[in-house]
$ cat entry.cif   # mmCIF, C-alpha atoms
data_data
loop_
_atom_site.group_PDB
_atom_site.id
_atom_site.type_symbol
_atom_site.label_atom_id
_atom_site.label_comp_id
_atom_site.auth_asym_id
_atom_site.auth_seq_id
_atom_site.Cartn_x
_atom_site.Cartn_y
_atom_site.Cartn_z
ATOM 1 C CA MET H 1 0.000 0.000 0.000
ATOM 2 C CA GLU H 2 1.298 3.445 -0.945
ATOM 3 C CA THR H 3 1.701 5.974 1.862
ATOM 4 C CA LEU H 4 0.301 9.388 0.993
ATOM 5 C CA ALA H 5 1.070 12.657 2.738
ATOM 6 C CA PHE H 6 -2.311 14.308 3.201
ATOM 7 C CA ASN H 7 -2.702 17.979 4.026
ATOM 8 C CA THR H 8 -5.614 17.156 6.300
ATOM 9 C CA ILE H 9 -8.846 15.263 5.825
ATOM 10 C CA PHE H 10 -11.661 17.651 6.618
ATOM 11 C CA ILE H 11 -15.132 16.519 7.576
ATOM 12 C CA GLY H 12 -17.022 19.785 7.662
ATOM 13 C CA THR H 13 -15.165 21.200 10.671
ATOM 14 C CA THR H 14 -13.344 24.138 9.090
ATOM 15 C CA GLU H 15 -14.452 27.467 7.700
ATOM 16 C CA LYS H 16 -14.902 27.026 3.972
ATOM 17 C CA GLN H 17 -13.662 29.892 1.814
ATOM 18 C CA HIS H 18 -14.047 30.776 -1.868
ATOM 19 C CA PRO H 19 -13.218 29.585 -4.440
ATOM 20 C CA MET H 20 -15.598 26.758 -3.621
ATOM 21 C CA SER H 21 -17.381 24.129 -5.669
ATOM 22 C CA GLU H 22 -20.935 24.790 -6.772
ATOM 23 C CA GLY H 23 -23.569 22.296 -7.741
ATOM 24 C CA ILE H 24 -26.016 19.995 -6.037
ATOM 25 C CA ALA H 25 -26.633 20.566 -2.355
ATOM 26 C CA THR H 26 -28.606 17.397 -1.725
ATOM 27 C CA PRO H 27 -27.089 14.645 0.441
ATOM 28 C CA ARG H 28 -25.349 11.812 -1.380
ATOM 29 C CA LYS H 29 -27.586 8.830 -2.077
ATOM 30 C CA LYS H 30 -25.025 6.060 -1.655
ATOM 31 C CA ARG H 31 -21.713 5.469 0.012
ATOM 32 C CA PRO H 32 -18.819 6.113 -2.418
ATOM 33 C CA LYS H 33 -16.155 3.440 -2.903
ATOM 34 C CA GLU H 34 -13.461 6.115 -2.974
ATOM 35 C CA ILE H 35 -13.168 9.670 -1.701
ATOM 36 C CA ALA H 36 -11.033 12.452 -3.176
ATOM 37 C CA VAL H 37 -8.231 13.464 -0.824
ATOM 38 C CA ILE H 38 -5.853 16.369 -1.406
ATOM 39 C CA ILE H 39 -2.175 15.527 -0.896
ATOM 40 C CA GLU H 40 0.661 17.874 0.073
ATOM 41 C CA SER H 41 1.558 18.838 -3.479
ATOM 42 C CA CYS H 42 -1.582 21.004 -3.802
ATOM 43 C CA THR H 43 -0.606 24.577 -4.627
ATOM 44 C CA GLY H 44 -4.150 25.897 -4.864
ATOM 45 C CA CYS H 45 -3.214 26.974 -8.400
ATOM 46 C CA ALA H 46 -2.400 30.451 -7.018
ATOM 47 C CA GLY H 47 -5.983 31.049 -5.900
ATOM 48 C CA SER H 48 -7.574 29.953 -9.165
ATOM 49 C CA PRO H 49 -7.838 26.176 -8.714
ATOM 50 C CA ALA H 50 -8.346 24.037 -11.803
ATOM 51 C CA CYS H 51 -10.126 21.210 -9.939
ATOM 52 C CA VAL H 52 -12.911 23.109 -8.155
ATOM 53 C CA PRO H 53 -15.092 23.910 -11.210
ATOM 54 C CA TYR H 54 -15.292 20.183 -12.055
ATOM 55 C CA CYS H 55 -16.762 19.175 -8.684
ATOM 56 C CA PRO H 56 -20.550 18.746 -9.014
ATOM 57 C CA VAL H 57 -21.242 18.997 -5.259
ATOM 58 C CA ALA H 58 -21.819 22.335 -3.514
ATOM 59 C CA GLU H 59 -19.175 23.219 -0.906
ATOM 60 C CA CYS H 60 -17.349 19.893 -1.310
ATOM 61 C CA MET H 61 -14.096 21.449 -2.571
ATOM 62 C CA TYR H 62 -12.976 24.750 -1.059
ATOM 63 C CA TRP H 63 -10.032 27.062 -0.445
ATOM 64 C CA VAL H 64 -8.070 26.962 2.830
ATOM 65 C CA GLU H 65 -5.711 29.897 3.329
ATOM 66 C CA ASP H 66 -2.222 29.202 4.647
ATOM 67 C CA PRO H 67 -2.147 31.276 7.869
ATOM 68 C CA ASP H 68 1.657 31.431 7.802
ATOM 69 C CA HIS H 69 1.902 32.546 4.175
ATOM 70 C CA PRO H 70 -1.139 34.578 3.092
ATOM 71 C CA PRO H 71 -2.480 34.929 0.442
ATOM 72 C CA PHE H 72 -1.284 31.411 -0.415
ATOM 73 C CA GLY H 73 -3.282 28.315 0.419
ATOM 74 C CA HIS H 74 -4.588 25.042 -0.935
ATOM 75 C CA ILE H 75 -7.806 23.228 -1.743
ATOM 76 C CA GLU H 76 -9.476 20.718 0.567
ATOM 77 C CA VAL H 77 -12.256 18.194 0.060
ATOM 78 C CA ASP H 78 -15.050 17.683 2.586
ATOM 79 C CA ALA H 79 -14.993 13.890 2.956
ATOM 80 C CA LYS H 80 -18.626 13.797 4.109
ATOM 81 C CA LEU H 81 -19.779 15.486 0.894
ATOM 82 C CA CYS H 82 -17.531 13.837 -1.716
ATOM 83 C CA ILE H 83 -19.447 11.445 -4.010
ATOM 84 C CA GLY H 84 -16.324 9.832 -5.469
ATOM 85 C CA CYS H 85 -17.073 10.890 -9.052
ATOM 86 C CA LYS H 86 -13.360 11.492 -9.876
ATOM 87 C CA LYS H 87 -14.117 14.597 -11.941
ATOM 88 C CA CYS H 88 -11.497 16.571 -9.985
ATOM 89 C CA VAL H 89 -8.563 14.250 -10.697
ATOM 90 C CA SER H 90 -6.336 14.410 -13.736
ATOM 91 C CA LYS H 91 -5.496 10.728 -14.093
ATOM 92 C CA GLY H 92 -7.641 8.829 -16.533
ATOM 93 C CA PRO H 93 -7.512 5.233 -17.734
ATOM 94 C CA ASP H 94 -4.091 4.019 -18.890
ATOM 95 C CA GLY H 95 -2.424 7.225 -17.682
ATOM 96 C CA ALA H 96 -4.400 9.519 -20.001
ATOM 97 C CA PHE H 97 -4.403 13.151 -18.855
ATOM 98 C CA LEU H 98 -7.853 14.553 -18.216
ATOM 99 C CA ASP H 99 -9.091 17.927 -16.975
ATOM 100 C CA GLY H 100 -8.873 18.535 -13.269
ATOM 101 C CA CYS H 101 -5.801 18.876 -11.082
ATOM 102 C CA PRO H 102 -2.712 19.670 -13.187
ATOM 103 C CA TRP H 103 -0.374 18.745 -10.289
ATOM 104 C CA ASP H 104 -1.728 15.266 -9.496
ATOM 105 C CA ALA H 105 -2.454 16.554 -5.999
ATOM 106 C CA ILE H 106 -5.721 14.629 -5.640
ATOM 107 C CA GLU H 107 -5.785 10.951 -4.807
ATOM 108 C CA MET H 108 -8.849 8.742 -4.796
ATOM 109 C CA VAL H 109 -8.620 6.858 -1.499
ATOM 110 C CA PRO H 110 -10.854 3.936 -0.492
ATOM 111 C CA THR H 111 -13.591 5.115 1.855
ATOM 112 C CA GLU H 112 -12.503 2.596 4.518
ATOM 113 C CA GLU H 113 -9.006 4.152 4.627
ATOM 114 C CA VAL H 114 -10.441 7.646 5.033
ATOM 115 C CA GLU H 115 -12.718 6.397 7.832
ATOM 116 C CA ALA H 116 -9.712 4.841 9.588
ATOM 117 C CA LEU H 117 -7.744 8.088 9.307
ATOM 118 C CA ILE H 118 -10.517 10.292 10.690
ATOM 119 C CA GLY H 119 -11.755 7.759 13.222
ATOM 120 C CA GLU H 120 -15.400 7.749 12.234
ATOM 121 C CA LYS H 121 -17.766 6.042 9.803
ATOM 122 C CA MET H 122 -18.940 8.051 6.794
ATOM 123 C CA PRO H 123 -22.634 8.701 6.446
ATOM 124 C CA ILE H 124 -24.318 7.366 3.322
#
$ encode --input "entry.cif" --output "structure tokens"
Amino acid sequence: METLAFNTIFIGTTEKQHPMSEGIATPRKKRPKEIAVIIESCTGCAGSPACVPYCPVAECMYWVEDPDHPPFGHIEVDAKLCIGCKKCVSKGPDGAFLDGCPWDAIEMVPTEEVEALIGEKMPI
């Protein structure tokens, strides 16, 4: 198993700032097999993130300012809102490059691993 260096896995406990994903605001209907997790290489694309517009869930992806180096920051994913659609990642089948994160800073992690890291079970 590959070890990933996550920024943090947020579960709706931080103040969400813009830019932020827009889209459906209804609760997810089924438990995703994988959840998008931002790794340390996220640069936030200098405040104009490439991944956020692809997320179809309102307030799932959002900006987190770096308090030590404003105005810099990075993007985070709310694990309780992510539907696992993979629209934010750049890796397609057979290594094809797709739209989404140009830095490969988003990993799709099995839901069970995310639950183990945060110490709680994901809602549906």
$ resolve_selection --input "entry.cif" --expression "the PyMOL selection byres ((chain H and resi 57) around 12)" --output "VMD selection string"
chain H and resid 20 to 28 52 to 56 58 to 62 77 to 88
$ closest_residue --input "entry.cif" --among "H:Ile75, H:Met122, H:Ala36, H:Leu98" --to "Pro49 (chain H)" --atoms "only C-alpha atoms"
H:Ile75
$ closest_residue --input "entry.cif" --among "H:His74, H:Lys91, H:Lys121, H:His69" --to "Met108 (chain H)" --atoms "all atoms listed in the file"
H:Lys91
$ resolve_selection --input "entry.cif" --expression "the PyMOL selection byres ((chain H and resi 50) around 10)" --output "list of chain:residue names"
H:Gly44, H:Cys45, H:Ala46, H:Gly47, H:Ser48, H:Pro49, H:Cys51, H:Val52, H:Pro53, H:Tyr54, H:Cys88, H:Val89, H:Asp99, H:Gly100, H:Cys101, H:Pro102, H:Trp103
$ write_last_selection --input "entry.cif" --atoms "C-alpha atoms" --output "short mmCIF file (atom, residue, chain, number, x, y, z; two decimals), keeping the file's coordinate frame"
data_model
loop_
_atom_site.label_atom_id
_atom_site.label_comp_id
_atom_site.auth_asym_id
_atom_site.auth_seq_id
_atom_site.Cartn_x
_atom_site.Cartn_y
_atom_site.Cartn_z
CA GLY H 44 -4.15 25.90 -4.86
CA CYS H 45 -3.21 26.97 -8.40
CA ALA H 46 -2.40 30.45 -7.02
CA GLY H 47 -5.98 31.05 -5.90
CA SER H 48 -7.57 29.95 -9.16
CA PRO H 49 -7.84 26.18 -8.71
CA CYS H 51 -10.13 21.21 -9.94
CA VAL H 52 -12.91 23.11 -8.15
CA PRO H 53 -15.09 23.91 -11.21
CA TYR H 54 -15.29 20.18 -12.06
CA CYS H 88 -11.50 16.57 -9.98
CA VAL H 89 -8.56 14.25 -10.70
CA ASP H 99 -9.09 17.93 -16.98
CA GLY H 100 -8.87 18.54 -13.27
CA CYS H 101 -5.80 18.88 -11.08
CA PRO H 102 -2.71 19.67 -13.19
CA TRP H 103 -0.37 18.74 -10.29
#
$ resolve_selection --input "entry.cif" --expression "the PyMOL selection byres ((chain H and resi 73) around 7)" --output "number ranges by chain"
H: 43-44, 63-66, 71-72, 74
$ atom_distance --input "entry.cif" --atom1 "CA of Ile106 (chain H)" --atom2 "CA of Ile38 (chain H)"
4.6 Å
$ atom_distance --input "entry.cif" --atom1 "CA of Pro67 (chain H)" --atom2 "CA of Ile118 (chain H)"
22.8 Å
$ atom_distance --input "entry.cif" --atom1 "CA of Ile39 (chain H)" --atom2 "CA of Ala105 (chain H)"
5.2 Å
$ closest_residue --input "entry.cif" --among "H:Leu117, H:Glu76, H:Ser90, H:Thr111" --to "Lys30 (chain H)" --atoms "all atoms listed in the file"
H:Thr111
$ axis_aligned_box --input "entry.cif" --around "region 34-41 of chain H" --padding-each-side "6 Å" --output "AutoDock Vina command-line options"
--center_x -6.0 --center_y 12.5 --center_z -1.7 --size_x 27.0 --size_y 24.7 --size_z 15.6
$ build_atoms --input "entry.cif" --residues "region 29-52 of chain H" --atoms "N, CA and C atoms" --output "PDB file, in the frame of the given file"
ATOM      1  N   LYS H  29     -26.587   9.894  -2.166  1.00  0.00           N
ATOM      2  CA  LYS H  29     -27.586   8.830  -2.077  1.00  0.00           C
ATOM      3  C   LYS H  29     -26.991   7.458  -1.773  1.00  0.00           C
ATOM      4  N   LYS H  30     -25.668   7.327  -1.977  1.00  0.00           N
ATOM      5  CA  LYS H  30     -25.025   6.060  -1.655  1.00  0.00           C
ATOM      6  C   LYS H  30     -23.596   6.330  -1.189  1.00  0.00           C
ATOM      7  N   ARG H  31     -23.069   5.371  -0.520  1.00  0.00           N
ATOM      8  CA  ARG H  31     -21.713   5.469   0.012  1.00  0.00           C
ATOM      9  C   ARG H  31     -20.714   5.291  -1.143  1.00  0.00           C
ATOM     10  N   PRO H  32     -19.795   6.259  -1.332  1.00  0.00           N
ATOM     11  CA  PRO H  32     -18.819   6.113  -2.418  1.00  0.00           C
ATOM     12  C   PRO H  32     -17.764   5.063  -2.084  1.00  0.00           C
ATOM     13  N   LYS H  33     -17.227   4.417  -3.103  1.00  0.00           N
ATOM     14  CA  LYS H  33     -16.155   3.440  -2.903  1.00  0.00           C
ATOM     15  C   LYS H  33     -14.850   4.149  -2.586  1.00  0.00           C
ATOM     16  N   GLU H  34     -14.664   5.324  -3.184  1.00  0.00           N
ATOM     17  CA  GLU H  34     -13.461   6.115  -2.974  1.00  0.00           C
ATOM     18  C   GLU H  34     -13.848   7.568  -2.715  1.00  0.00           C
ATOM     19  N   ILE H  35     -12.956   8.267  -2.009  1.00  0.00           N
ATOM     20  CA  ILE H  35     -13.168   9.670  -1.701  1.00  0.00           C
ATOM     21  C   ILE H  35     -11.938  10.444  -2.154  1.00  0.00           C
ATOM     22  N   ALA H  36     -12.147  11.608  -2.743  1.00  0.00           N
ATOM     23  CA  ALA H  36     -11.033  12.452  -3.176  1.00  0.00           C
ATOM     24  C   ALA H  36     -10.348  13.037  -1.946  1.00  0.00           C
ATOM     25  N   VAL H  37      -9.028  12.921  -1.921  1.00  0.00           N
ATOM     26  CA  VAL H  37      -8.231  13.464  -0.824  1.00  0.00           C
ATOM     27  C   VAL H  37      -7.098  14.284  -1.435  1.00  0.00           C
ATOM     28  N   ILE H  38      -6.905  15.484  -0.921  1.00  0.00           N
ATOM     29  CA  ILE H  38      -5.853  16.369  -1.406  1.00  0.00           C
ATOM     30  C   ILE H  38      -4.546  15.986  -0.711  1.00  0.00           C
ATOM     31  N   ILE H  39      -3.473  15.841  -1.490  1.00  0.00           N
ATOM     32  CA  ILE H  39      -2.175  15.527  -0.896  1.00  0.00           C
ATOM     33  C   ILE H  39      -1.326  16.795  -0.825  1.00  0.00           C
ATOM     34  N   GLU H  40      -0.158  16.699  -0.215  1.00  0.00           N
ATOM     35  CA  GLU H  40       0.661  17.874   0.073  1.00  0.00           C
ATOM     36  C   GLU H  40       1.105  18.679  -1.133  1.00  0.00           C
ATOM     37  N   SER H  41       1.079  18.100  -2.307  1.00  0.00           N
ATOM     38  CA  SER H  41       1.558  18.838  -3.479  1.00  0.00           C
ATOM     39  C   SER H  41       0.554  19.860  -4.005  1.00  0.00           C
ATOM     40  N   CYS H  42      -0.593  20.015  -3.363  1.00  0.00           N
ATOM     41  CA  CYS H  42      -1.582  21.004  -3.802  1.00  0.00           C
ATOM     42  C   CYS H  42      -1.031  22.413  -3.598  1.00  0.00           C
ATOM     43  N   THR H  43      -1.062  23.192  -4.678  1.00  0.00           N
ATOM     44  CA  THR H  43      -0.606  24.577  -4.627  1.00  0.00           C
ATOM     45  C   THR H  43      -1.778  25.556  -4.601  1.00  0.00           C
ATOM     46  N   GLY H  44      -2.986  25.031  -4.769  1.00  0.00           N
ATOM     47  CA  GLY H  44      -4.150  25.897  -4.864  1.00  0.00           C
ATOM     48  C   GLY H  44      -4.196  26.659  -6.175  1.00  0.00           C
ATOM     49  N   CYS H  45      -3.287  26.316  -7.087  1.00  0.00           N
ATOM     50  CA  CYS H  45      -3.214  26.974  -8.400  1.00  0.00           C
ATOM     51  C   CYS H  45      -3.259  28.500  -8.259  1.00  0.00           C
ATOM     52  N   ALA H  46      -2.524  29.003  -7.258  1.00  0.00           N
ATOM     53  CA  ALA H  46      -2.400  30.451  -7.018  1.00  0.00           C
ATOM     54  C   ALA H  46      -3.755  31.139  -6.839  1.00  0.00           C
ATOM     55  N   GLY H  47      -4.681  30.456  -6.181  1.00  0.00           N
ATOM     56  CA  GLY H  47      -5.983  31.049  -5.900  1.00  0.00           C
ATOM     57  C   GLY H  47      -7.012  30.877  -6.989  1.00  0.00           C
ATOM     58  N   SER H  48      -6.646  30.215  -8.076  1.00  0.00           N
ATOM     59  CA  SER H  48      -7.574  29.953  -9.165  1.00  0.00           C
ATOM     60  C   SER H  48      -7.517  28.459  -9.499  1.00  0.00           C
ATOM     61  N   PRO H  49      -8.001  27.626  -8.579  1.00  0.00           N
ATOM     62  CA  PRO H  49      -7.838  26.176  -8.714  1.00  0.00           C
ATOM     63  C   PRO H  49      -8.538  25.577  -9.926  1.00  0.00           C
ATOM     64  N   ALA H  50      -7.809  24.688 -10.609  1.00  0.00           N
ATOM     65  CA  ALA H  50      -8.346  24.037 -11.803  1.00  0.00           C
ATOM     66  C   ALA H  50      -9.369  22.966 -11.452  1.00  0.00           C
ATOM     67  N   CYS H  51      -9.272  22.343 -10.300  1.00  0.00           N
ATOM     68  CA  CYS H  51     -10.126  21.210  -9.939  1.00  0.00           C
ATOM     69  C   CYS H  51     -11.528  21.610  -9.491  1.00  0.00           C
ATOM     70  N   VAL H  52     -11.650  22.723  -8.793  1.00  0.00           N
ATOM     71  CA  VAL H  52     -12.911  23.109  -8.155  1.00  0.00           C
ATOM     72  C   VAL H  52     -14.086  23.209  -9.125  1.00  0.00           C
TER      73      VAL H  52
END
